[in-house]
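With compact mmCIF, N, CA and C atoms inside, this is structure_3.txt:
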# COMPACT_ATOMS: atom_id res chain seq x y z
N MET A 235 11.69 6.58 19.39
CA MET A 235 10.95 5.74 18.46
C MET A 235 9.55 6.31 18.26
N THR A 236 9.09 6.29 17.04
CA THR A 236 7.76 6.78 16.69
C THR A 236 6.70 5.76 17.06
N GLU A 237 5.57 6.25 17.50
CA GLU A 237 4.43 5.36 17.74
C GLU A 237 3.81 5.02 16.39
N THR A 238 3.46 3.76 16.19
CA THR A 238 2.84 3.37 14.92
C THR A 238 1.35 3.68 14.95
N TRP A 239 0.64 3.26 13.92
CA TRP A 239 -0.80 3.48 13.86
C TRP A 239 -1.51 2.69 14.95
N LYS A 240 -2.78 2.92 15.10
CA LYS A 240 -3.60 2.15 16.04
C LYS A 240 -4.42 1.13 15.25
N ALA A 241 -4.32 -0.12 15.65
CA ALA A 241 -5.10 -1.17 15.00
C ALA A 241 -6.58 -0.82 15.13
N GLY A 242 -7.32 -1.06 14.07
CA GLY A 242 -8.75 -0.78 14.11
C GLY A 242 -9.13 0.59 13.59
N ASP A 243 -8.15 1.52 13.47
CA ASP A 243 -8.46 2.83 12.90
C ASP A 243 -8.77 2.69 11.42
N ALA A 244 -9.49 3.65 10.87
CA ALA A 244 -9.89 3.61 9.46
C ALA A 244 -8.67 3.47 8.56
N GLY A 245 -8.76 2.51 7.63
CA GLY A 245 -7.72 2.33 6.62
C GLY A 245 -6.50 1.56 7.08
N ILE A 246 -6.48 1.13 8.33
CA ILE A 246 -5.30 0.44 8.85
C ILE A 246 -5.38 -1.05 8.55
N LEU A 247 -4.35 -1.57 7.92
CA LEU A 247 -4.21 -2.99 7.68
C LEU A 247 -3.19 -3.53 8.68
N GLN A 248 -3.60 -4.52 9.45
CA GLN A 248 -2.66 -5.19 10.35
C GLN A 248 -2.16 -6.45 9.66
N LEU A 249 -0.86 -6.50 9.46
CA LEU A 249 -0.24 -7.66 8.84
C LEU A 249 -0.05 -8.76 9.90
N PRO A 250 0.14 -10.00 9.50
CA PRO A 250 0.28 -11.08 10.48
C PRO A 250 1.39 -10.84 11.52
N SER A 251 2.44 -10.14 11.15
CA SER A 251 3.54 -9.87 12.09
C SER A 251 3.15 -8.83 13.14
N GLY A 252 2.02 -8.16 12.92
CA GLY A 252 1.61 -7.08 13.82
C GLY A 252 1.91 -5.70 13.25
N ARG A 253 2.70 -5.64 12.17
CA ARG A 253 2.95 -4.35 11.53
C ARG A 253 1.63 -3.73 11.10
N LEU A 254 1.52 -2.41 11.25
CA LEU A 254 0.32 -1.69 10.84
C LEU A 254 0.68 -0.74 9.71
N VAL A 255 -0.12 -0.76 8.65
CA VAL A 255 0.10 0.11 7.49
C VAL A 255 -1.24 0.75 7.16
N ARG A 256 -1.20 2.06 6.87
CA ARG A 256 -2.45 2.74 6.49
C ARG A 256 -2.54 2.82 4.98
N GLY A 257 -3.66 2.37 4.45
CA GLY A 257 -3.98 2.56 3.04
C GLY A 257 -5.02 3.66 2.95
N ARG A 258 -4.93 4.46 1.88
CA ARG A 258 -5.96 5.49 1.73
C ARG A 258 -6.03 5.99 0.30
N GLY A 259 -7.13 6.65 0.01
CA GLY A 259 -7.33 7.30 -1.27
C GLY A 259 -7.00 8.78 -1.15
N LEU A 260 -6.18 9.28 -2.04
CA LEU A 260 -5.77 10.68 -1.97
C LEU A 260 -6.88 11.65 -2.36
N ARG A 261 -7.96 11.14 -2.97
CA ARG A 261 -9.09 12.01 -3.29
C ARG A 261 -9.89 12.37 -2.04
N ARG A 262 -9.66 11.64 -0.96
CA ARG A 262 -10.36 11.92 0.29
C ARG A 262 -9.47 12.78 1.18
N PRO A 263 -10.07 13.49 2.14
CA PRO A 263 -9.26 14.31 3.05
C PRO A 263 -8.32 13.45 3.88
N LEU A 264 -7.24 14.06 4.31
CA LEU A 264 -6.30 13.38 5.20
C LEU A 264 -7.03 12.99 6.47
N PRO A 265 -6.93 11.74 6.89
CA PRO A 265 -7.63 11.33 8.12
C PRO A 265 -7.13 12.09 9.34
N ALA A 266 -7.99 12.20 10.34
CA ALA A 266 -7.61 12.82 11.60
C ALA A 266 -6.54 11.96 12.26
N GLY A 267 -5.76 12.59 13.10
CA GLY A 267 -4.72 11.86 13.82
C GLY A 267 -3.34 12.18 13.30
N PRO A 268 -2.37 11.38 13.70
CA PRO A 268 -0.99 11.68 13.33
C PRO A 268 -0.74 11.52 11.83
N ASP A 269 0.24 12.26 11.36
CA ASP A 269 0.68 12.14 9.97
C ASP A 269 1.56 10.91 9.82
N PRO A 270 1.71 10.43 8.59
CA PRO A 270 2.65 9.33 8.38
C PRO A 270 4.09 9.81 8.59
N ASP A 271 4.96 8.86 8.90
CA ASP A 271 6.40 9.14 8.91
C ASP A 271 6.97 8.92 7.51
N PHE A 272 6.38 7.97 6.79
CA PHE A 272 6.84 7.61 5.46
C PHE A 272 5.61 7.20 4.66
N ALA A 273 5.53 7.67 3.43
CA ALA A 273 4.40 7.33 2.57
C ALA A 273 4.90 6.91 1.20
N VAL A 274 4.14 6.01 0.59
CA VAL A 274 4.40 5.59 -0.78
C VAL A 274 3.18 5.97 -1.59
N TYR A 275 3.39 6.81 -2.61
CA TYR A 275 2.30 7.27 -3.46
C TYR A 275 2.38 6.59 -4.82
N LEU A 276 1.29 5.95 -5.19
CA LEU A 276 1.19 5.12 -6.39
C LEU A 276 0.34 5.87 -7.40
N LEU A 277 0.98 6.67 -8.22
CA LEU A 277 0.26 7.55 -9.13
C LEU A 277 0.95 7.59 -10.49
N GLY A 278 0.20 7.96 -11.52
CA GLY A 278 0.76 8.09 -12.85
C GLY A 278 1.62 9.33 -13.02
N LYS A 279 1.40 10.33 -12.17
CA LYS A 279 2.22 11.54 -12.23
C LYS A 279 2.69 11.90 -10.82
N ARG A 280 3.73 12.68 -10.75
CA ARG A 280 4.33 13.03 -9.46
C ARG A 280 3.30 13.65 -8.52
N PRO A 281 3.25 13.17 -7.27
CA PRO A 281 2.29 13.72 -6.30
C PRO A 281 2.76 15.08 -5.78
N PRO A 282 1.85 15.83 -5.18
CA PRO A 282 2.26 17.10 -4.57
C PRO A 282 3.19 16.83 -3.39
N GLU A 283 3.96 17.84 -3.03
CA GLU A 283 4.86 17.74 -1.88
C GLU A 283 4.05 17.56 -0.60
N VAL A 284 4.61 16.81 0.34
CA VAL A 284 4.00 16.60 1.65
C VAL A 284 5.07 16.87 2.72
N PRO A 285 4.66 17.17 3.94
CA PRO A 285 5.64 17.50 4.99
C PRO A 285 6.30 16.29 5.63
N TRP A 286 6.07 15.09 5.13
CA TRP A 286 6.71 13.88 5.65
C TRP A 286 7.50 13.24 4.52
N GLU A 287 8.33 12.29 4.86
CA GLU A 287 9.13 11.60 3.86
C GLU A 287 8.21 10.76 2.97
N ALA A 288 8.43 10.82 1.68
CA ALA A 288 7.56 10.09 0.75
C ALA A 288 8.36 9.58 -0.44
N ALA A 289 7.86 8.49 -0.99
CA ALA A 289 8.40 7.93 -2.23
C ALA A 289 7.27 7.87 -3.24
N TRP A 290 7.61 8.07 -4.49
CA TRP A 290 6.62 8.01 -5.57
C TRP A 290 6.95 6.84 -6.48
N LEU A 291 5.97 6.00 -6.70
CA LEU A 291 6.07 4.94 -7.70
C LEU A 291 5.17 5.33 -8.86
N ARG A 292 5.76 5.44 -10.03
CA ARG A 292 4.92 5.72 -11.21
C ARG A 292 4.07 4.47 -11.47
N TRP A 293 2.76 4.64 -11.27
CA TRP A 293 1.84 3.51 -11.34
C TRP A 293 0.52 4.05 -11.86
N PRO A 294 0.31 4.03 -13.18
CA PRO A 294 -0.95 4.56 -13.74
C PRO A 294 -2.17 3.81 -13.23
N ASP A 295 -3.28 4.51 -13.15
CA ASP A 295 -4.54 3.94 -12.65
C ASP A 295 -4.93 2.69 -13.45
N PHE A 296 -5.37 1.67 -12.74
CA PHE A 296 -5.80 0.38 -13.28
C PHE A 296 -4.68 -0.41 -13.96
N ARG A 297 -3.44 0.00 -13.76
CA ARG A 297 -2.31 -0.67 -14.40
C ARG A 297 -1.39 -1.27 -13.35
N LEU A 298 -0.13 -1.48 -13.75
CA LEU A 298 0.90 -2.02 -12.87
C LEU A 298 2.02 -1.00 -12.76
N PRO A 299 2.91 -1.18 -11.79
CA PRO A 299 4.01 -0.21 -11.64
C PRO A 299 4.88 -0.17 -12.89
N SER A 300 5.34 1.02 -13.24
CA SER A 300 6.18 1.19 -14.42
C SER A 300 7.51 0.47 -14.26
N SER A 301 8.00 0.36 -13.04
CA SER A 301 9.26 -0.33 -12.75
C SER A 301 9.02 -1.38 -11.67
N PRO A 302 8.87 -2.65 -12.07
CA PRO A 302 8.68 -3.69 -11.06
C PRO A 302 9.84 -3.75 -10.05
N ALA A 303 11.06 -3.56 -10.50
CA ALA A 303 12.21 -3.58 -9.58
C ALA A 303 12.13 -2.41 -8.61
N GLY A 304 11.75 -1.23 -9.11
CA GLY A 304 11.59 -0.06 -8.24
C GLY A 304 10.47 -0.27 -7.24
N ALA A 305 9.38 -0.89 -7.69
CA ALA A 305 8.26 -1.17 -6.79
C ALA A 305 8.70 -2.14 -5.70
N ARG A 306 9.43 -3.17 -6.07
CA ARG A 306 9.90 -4.16 -5.09
C ARG A 306 10.76 -3.48 -4.03
N ALA A 307 11.65 -2.58 -4.46
CA ALA A 307 12.54 -1.89 -3.52
C ALA A 307 11.76 -0.97 -2.58
N VAL A 308 10.85 -0.17 -3.12
CA VAL A 308 10.10 0.78 -2.29
C VAL A 308 9.14 0.05 -1.36
N LEU A 309 8.49 -0.99 -1.86
CA LEU A 309 7.57 -1.74 -0.99
C LEU A 309 8.34 -2.49 0.10
N GLY A 310 9.53 -2.96 -0.23
CA GLY A 310 10.38 -3.58 0.79
C GLY A 310 10.76 -2.59 1.87
N GLU A 311 11.09 -1.36 1.46
CA GLU A 311 11.40 -0.33 2.44
C GLU A 311 10.18 0.00 3.30
N ALA A 312 9.01 0.09 2.67
CA ALA A 312 7.78 0.39 3.42
C ALA A 312 7.51 -0.71 4.45
N TRP A 313 7.67 -1.98 4.06
CA TRP A 313 7.43 -3.09 4.98
C TRP A 313 8.41 -3.03 6.15
N THR A 314 9.68 -2.79 5.86
CA THR A 314 10.69 -2.71 6.92
C THR A 314 10.38 -1.57 7.88
N ARG A 315 10.06 -0.41 7.34
CA ARG A 315 9.81 0.77 8.17
C ARG A 315 8.53 0.64 8.99
N ALA A 316 7.56 -0.14 8.50
CA ALA A 316 6.29 -0.29 9.22
C ALA A 316 6.47 -0.99 10.57
N ALA A 317 7.61 -1.60 10.81
CA ALA A 317 7.85 -2.24 12.10
C ALA A 317 7.93 -1.22 13.23
N ALA A 318 8.36 0.01 12.89
CA ALA A 318 8.55 1.01 13.95
C ALA A 318 8.06 2.41 13.58
N GLU A 319 7.51 2.58 12.38
CA GLU A 319 7.08 3.90 11.93
C GLU A 319 5.67 3.83 11.36
N ARG A 320 5.05 5.00 11.23
CA ARG A 320 3.74 5.10 10.59
C ARG A 320 3.95 5.18 9.08
N VAL A 321 3.56 4.12 8.40
CA VAL A 321 3.72 4.02 6.94
C VAL A 321 2.35 4.07 6.30
N GLU A 322 2.26 4.85 5.24
CA GLU A 322 1.02 4.99 4.48
C GLU A 322 1.28 4.59 3.03
N ILE A 323 0.33 3.87 2.45
CA ILE A 323 0.34 3.52 1.03
C ILE A 323 -0.91 4.14 0.44
N ALA A 324 -0.76 4.90 -0.65
CA ALA A 324 -1.95 5.60 -1.17
C ALA A 324 -1.90 5.77 -2.69
N CYS A 325 -3.07 5.71 -3.28
CA CYS A 325 -3.28 6.06 -4.68
C CYS A 325 -4.50 6.99 -4.70
N ALA A 326 -5.03 7.28 -5.86
CA ALA A 326 -6.14 8.23 -5.93
C ALA A 326 -7.38 7.72 -5.19
N GLY A 327 -7.77 6.48 -5.45
CA GLY A 327 -9.00 5.95 -4.85
C GLY A 327 -8.78 5.12 -3.61
N GLY A 328 -7.59 4.57 -3.44
CA GLY A 328 -7.28 3.78 -2.25
C GLY A 328 -7.66 2.32 -2.33
N ARG A 329 -7.96 1.82 -3.52
CA ARG A 329 -8.40 0.43 -3.64
C ARG A 329 -7.53 -0.41 -4.57
N GLY A 330 -7.47 -0.05 -5.83
CA GLY A 330 -6.76 -0.89 -6.81
C GLY A 330 -5.27 -0.95 -6.60
N ARG A 331 -4.60 0.16 -6.85
CA ARG A 331 -3.14 0.20 -6.68
C ARG A 331 -2.75 0.06 -5.22
N THR A 332 -3.48 0.74 -4.33
CA THR A 332 -3.18 0.65 -2.90
C THR A 332 -3.38 -0.78 -2.42
N GLY A 333 -4.50 -1.39 -2.80
CA GLY A 333 -4.75 -2.78 -2.40
C GLY A 333 -3.69 -3.73 -2.94
N THR A 334 -3.25 -3.50 -4.17
CA THR A 334 -2.21 -4.34 -4.76
C THR A 334 -0.92 -4.21 -3.98
N ALA A 335 -0.54 -2.98 -3.66
CA ALA A 335 0.69 -2.76 -2.88
C ALA A 335 0.56 -3.35 -1.48
N LEU A 336 -0.60 -3.20 -0.85
CA LEU A 336 -0.80 -3.80 0.47
C LEU A 336 -0.72 -5.33 0.41
N ALA A 337 -1.24 -5.90 -0.66
CA ALA A 337 -1.15 -7.36 -0.81
C ALA A 337 0.31 -7.78 -0.98
N CYS A 338 1.10 -6.98 -1.66
CA CYS A 338 2.54 -7.28 -1.79
C CYS A 338 3.22 -7.18 -0.43
N LEU A 339 2.83 -6.21 0.39
CA LEU A 339 3.38 -6.12 1.75
C LEU A 339 2.98 -7.36 2.55
N ALA A 340 1.77 -7.86 2.34
CA ALA A 340 1.34 -9.07 3.03
C ALA A 340 2.22 -10.26 2.62
N VAL A 341 2.59 -10.33 1.35
CA VAL A 341 3.50 -11.39 0.90
C VAL A 341 4.85 -11.25 1.61
N LEU A 342 5.36 -10.02 1.67
CA LEU A 342 6.62 -9.80 2.38
C LEU A 342 6.52 -10.19 3.85
N ASP A 343 5.31 -10.12 4.39
CA ASP A 343 5.07 -10.42 5.80
C ASP A 343 4.79 -11.91 6.03
N GLY A 344 4.80 -12.70 4.98
CA GLY A 344 4.63 -14.14 5.14
C GLY A 344 3.33 -14.73 4.64
N VAL A 345 2.41 -13.90 4.18
CA VAL A 345 1.16 -14.43 3.62
C VAL A 345 1.49 -15.06 2.26
N PRO A 346 1.07 -16.30 2.00
CA PRO A 346 1.33 -16.89 0.69
C PRO A 346 0.76 -16.00 -0.42
N ALA A 347 1.53 -15.86 -1.51
CA ALA A 347 1.14 -14.95 -2.60
C ALA A 347 -0.24 -15.27 -3.16
N ASP A 348 -0.62 -16.55 -3.18
CA ASP A 348 -1.93 -16.90 -3.74
C ASP A 348 -3.08 -16.60 -2.78
N ARG A 349 -2.75 -16.16 -1.55
CA ARG A 349 -3.80 -15.79 -0.58
C ARG A 349 -3.74 -14.32 -0.16
N ALA A 350 -2.77 -13.59 -0.67
CA ALA A 350 -2.55 -12.21 -0.23
C ALA A 350 -3.70 -11.28 -0.63
N VAL A 351 -4.26 -11.45 -1.82
CA VAL A 351 -5.38 -10.59 -2.23
C VAL A 351 -6.57 -10.84 -1.30
N ALA A 352 -6.88 -12.08 -1.02
CA ALA A 352 -8.00 -12.39 -0.11
C ALA A 352 -7.73 -11.81 1.28
N TYR A 353 -6.49 -11.88 1.72
CA TYR A 353 -6.14 -11.33 3.03
C TYR A 353 -6.43 -9.83 3.08
N VAL A 354 -6.00 -9.11 2.06
CA VAL A 354 -6.20 -7.65 2.03
C VAL A 354 -7.68 -7.33 1.87
N ARG A 355 -8.39 -8.08 1.07
CA ARG A 355 -9.83 -7.84 0.93
C ARG A 355 -10.58 -8.08 2.24
N HIS A 356 -10.13 -9.03 3.00
CA HIS A 356 -10.78 -9.33 4.28
C HIS A 356 -10.43 -8.30 5.36
N HIS A 357 -9.17 -7.88 5.39
CA HIS A 357 -8.70 -7.03 6.49
C HIS A 357 -8.59 -5.55 6.17
N TYR A 358 -8.72 -5.17 4.88
CA TYR A 358 -8.58 -3.75 4.51
C TYR A 358 -9.82 -3.25 3.76
N ASP A 359 -10.10 -3.79 2.59
CA ASP A 359 -11.22 -3.32 1.76
C ASP A 359 -11.64 -4.45 0.84
N ARG A 360 -12.92 -4.79 0.89
CA ARG A 360 -13.38 -5.93 0.09
C ARG A 360 -13.27 -5.71 -1.42
N HIS A 361 -13.06 -4.44 -1.83
CA HIS A 361 -12.91 -4.14 -3.26
C HIS A 361 -11.46 -3.93 -3.66
N ALA A 362 -10.53 -4.20 -2.76
CA ALA A 362 -9.11 -3.97 -3.05
C ALA A 362 -8.63 -4.89 -4.17
N VAL A 363 -7.65 -4.41 -4.91
CA VAL A 363 -7.02 -5.13 -6.04
C VAL A 363 -8.09 -5.32 -7.12
N GLU A 364 -8.17 -4.35 -8.01
CA GLU A 364 -9.33 -4.25 -8.91
C GLU A 364 -9.25 -5.03 -10.22
N THR A 365 -8.07 -5.26 -10.74
CA THR A 365 -7.99 -5.85 -12.08
C THR A 365 -7.35 -7.23 -12.06
N PRO A 366 -7.62 -8.02 -13.10
CA PRO A 366 -6.99 -9.35 -13.18
C PRO A 366 -5.46 -9.26 -13.20
N TRP A 367 -4.91 -8.26 -13.88
CA TRP A 367 -3.45 -8.15 -13.94
C TRP A 367 -2.86 -7.70 -12.61
N GLN A 368 -3.62 -6.95 -11.81
CA GLN A 368 -3.15 -6.62 -10.46
C GLN A 368 -3.13 -7.88 -9.60
N ARG A 369 -4.15 -8.72 -9.71
CA ARG A 369 -4.18 -9.98 -8.96
C ARG A 369 -3.02 -10.87 -9.38
N ARG A 370 -2.75 -10.95 -10.68
CA ARG A 370 -1.63 -11.76 -11.19
C ARG A 370 -0.29 -11.21 -10.69
N TYR A 371 -0.15 -9.89 -10.64
CA TYR A 371 1.07 -9.26 -10.14
C TYR A 371 1.34 -9.71 -8.69
N VAL A 372 0.31 -9.72 -7.86
CA VAL A 372 0.46 -10.15 -6.47
C VAL A 372 0.82 -11.64 -6.41
N ARG A 373 0.17 -12.47 -7.19
CA ARG A 373 0.46 -13.91 -7.18
C ARG A 373 1.92 -14.20 -7.56
N ARG A 374 2.50 -13.33 -8.39
CA ARG A 374 3.88 -13.53 -8.85
C ARG A 374 4.90 -12.77 -7.98
N PHE A 375 4.42 -11.97 -7.04
CA PHE A 375 5.31 -11.20 -6.18
C PHE A 375 5.98 -12.16 -5.20
N THR A 376 7.28 -11.99 -4.99
CA THR A 376 7.99 -12.89 -4.08
C THR A 376 8.62 -12.11 -2.93
N ALA A 377 8.69 -12.77 -1.80
CA ALA A 377 9.28 -12.15 -0.60
C ALA A 377 10.80 -12.13 -0.70

Would you mind writing the file out in structure tokens?
Amino acid sequence: MTETWKAGDAGILQLPSGRLVRGRGLRRPLPAGPDPDFAVYLLGKRPPEVPWEAAWLRWPDFRLPSSPAGARAVLGEAWTRAAAERVEIACAGGRGRTGTALACLAVLDGVPADRAVAYVRHHYDRHAVETPWQRRYVRRFTA
């Protein structure tokens, strides 16, 4: 079994269940420490290859995922895998799309959808989930 992230490390969001997920901005260098086992990249175009397993969600900057059903499936997989693996969620800046996806993971973890954005802003980044439509997407996301 893989060791998960360490609570309190930079970019780590601890969900109420204890699952740890790393959020980050791809414009910044890869953080020190272990690599992810699985990553979800939220970008408008295909990300570069990485040496770990990764999924790409077409998600243009400041927008919503191109496929809500695809996003639901990939985020569900990320949440499930975070129980025993190092999972990373990332977009270019690490706030809007990443924060939105992390808030959706919080909903999957039992946080009420109308409180998930506040949860991620408190525990990950106070600027997470940047647009009104991203906030609405989280409020409508269901576990």

Neighbouring residues of stretch 354-364 of chain A were defined as those with any atom within 7 Å, considering only C-alpha atoms; residues of the same chain fewer than 6 positions away were excluded. Please report them as number ranges by chain.
A: 245-247, 329-331, 333-334, 336-337

Selected residue, from A:Ser301, A:Gln368, A:Thr314, A:Thr238, that lies nearest to A:Ala350 when counting only C-alpha atoms
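Checking each candidate against A:Ala350, we get A:Gln368 as the closest.
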
Smallest atom-to-atom distance to A:Lys279: which of A:Arg369, A:Arg258, A:Arg292, A:Arg253, using only N, CA and C atoms?
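For A:Lys279, the nearest of the candidates is A:Arg292.
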
What's the 8 Å shell around A:Pro268, counting all atoms listed in the file, without same-chain residues fewer than 3 positions away, as a PyMOL selection string?
chain A and resi 265+271+320

I'd like the interatomic distance between atom CA of A:Asp343 and atom CA of A:Leu264, to a tenth of an Å.
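Calculated distance between atom CA of A:Asp343 and atom CA of A:Leu264 is 26.4 Å.
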
Taking all atoms listed in the file into account, which of A:Ser251, A:Ala241, A:Tyr275, A:Phe375 comes nearest A:Cys325?
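Checking each of A:Ser251, A:Ala241, A:Tyr275, A:Phe375 against A:Cys325, counting all atoms listed in the file, the winner is A:Tyr275.
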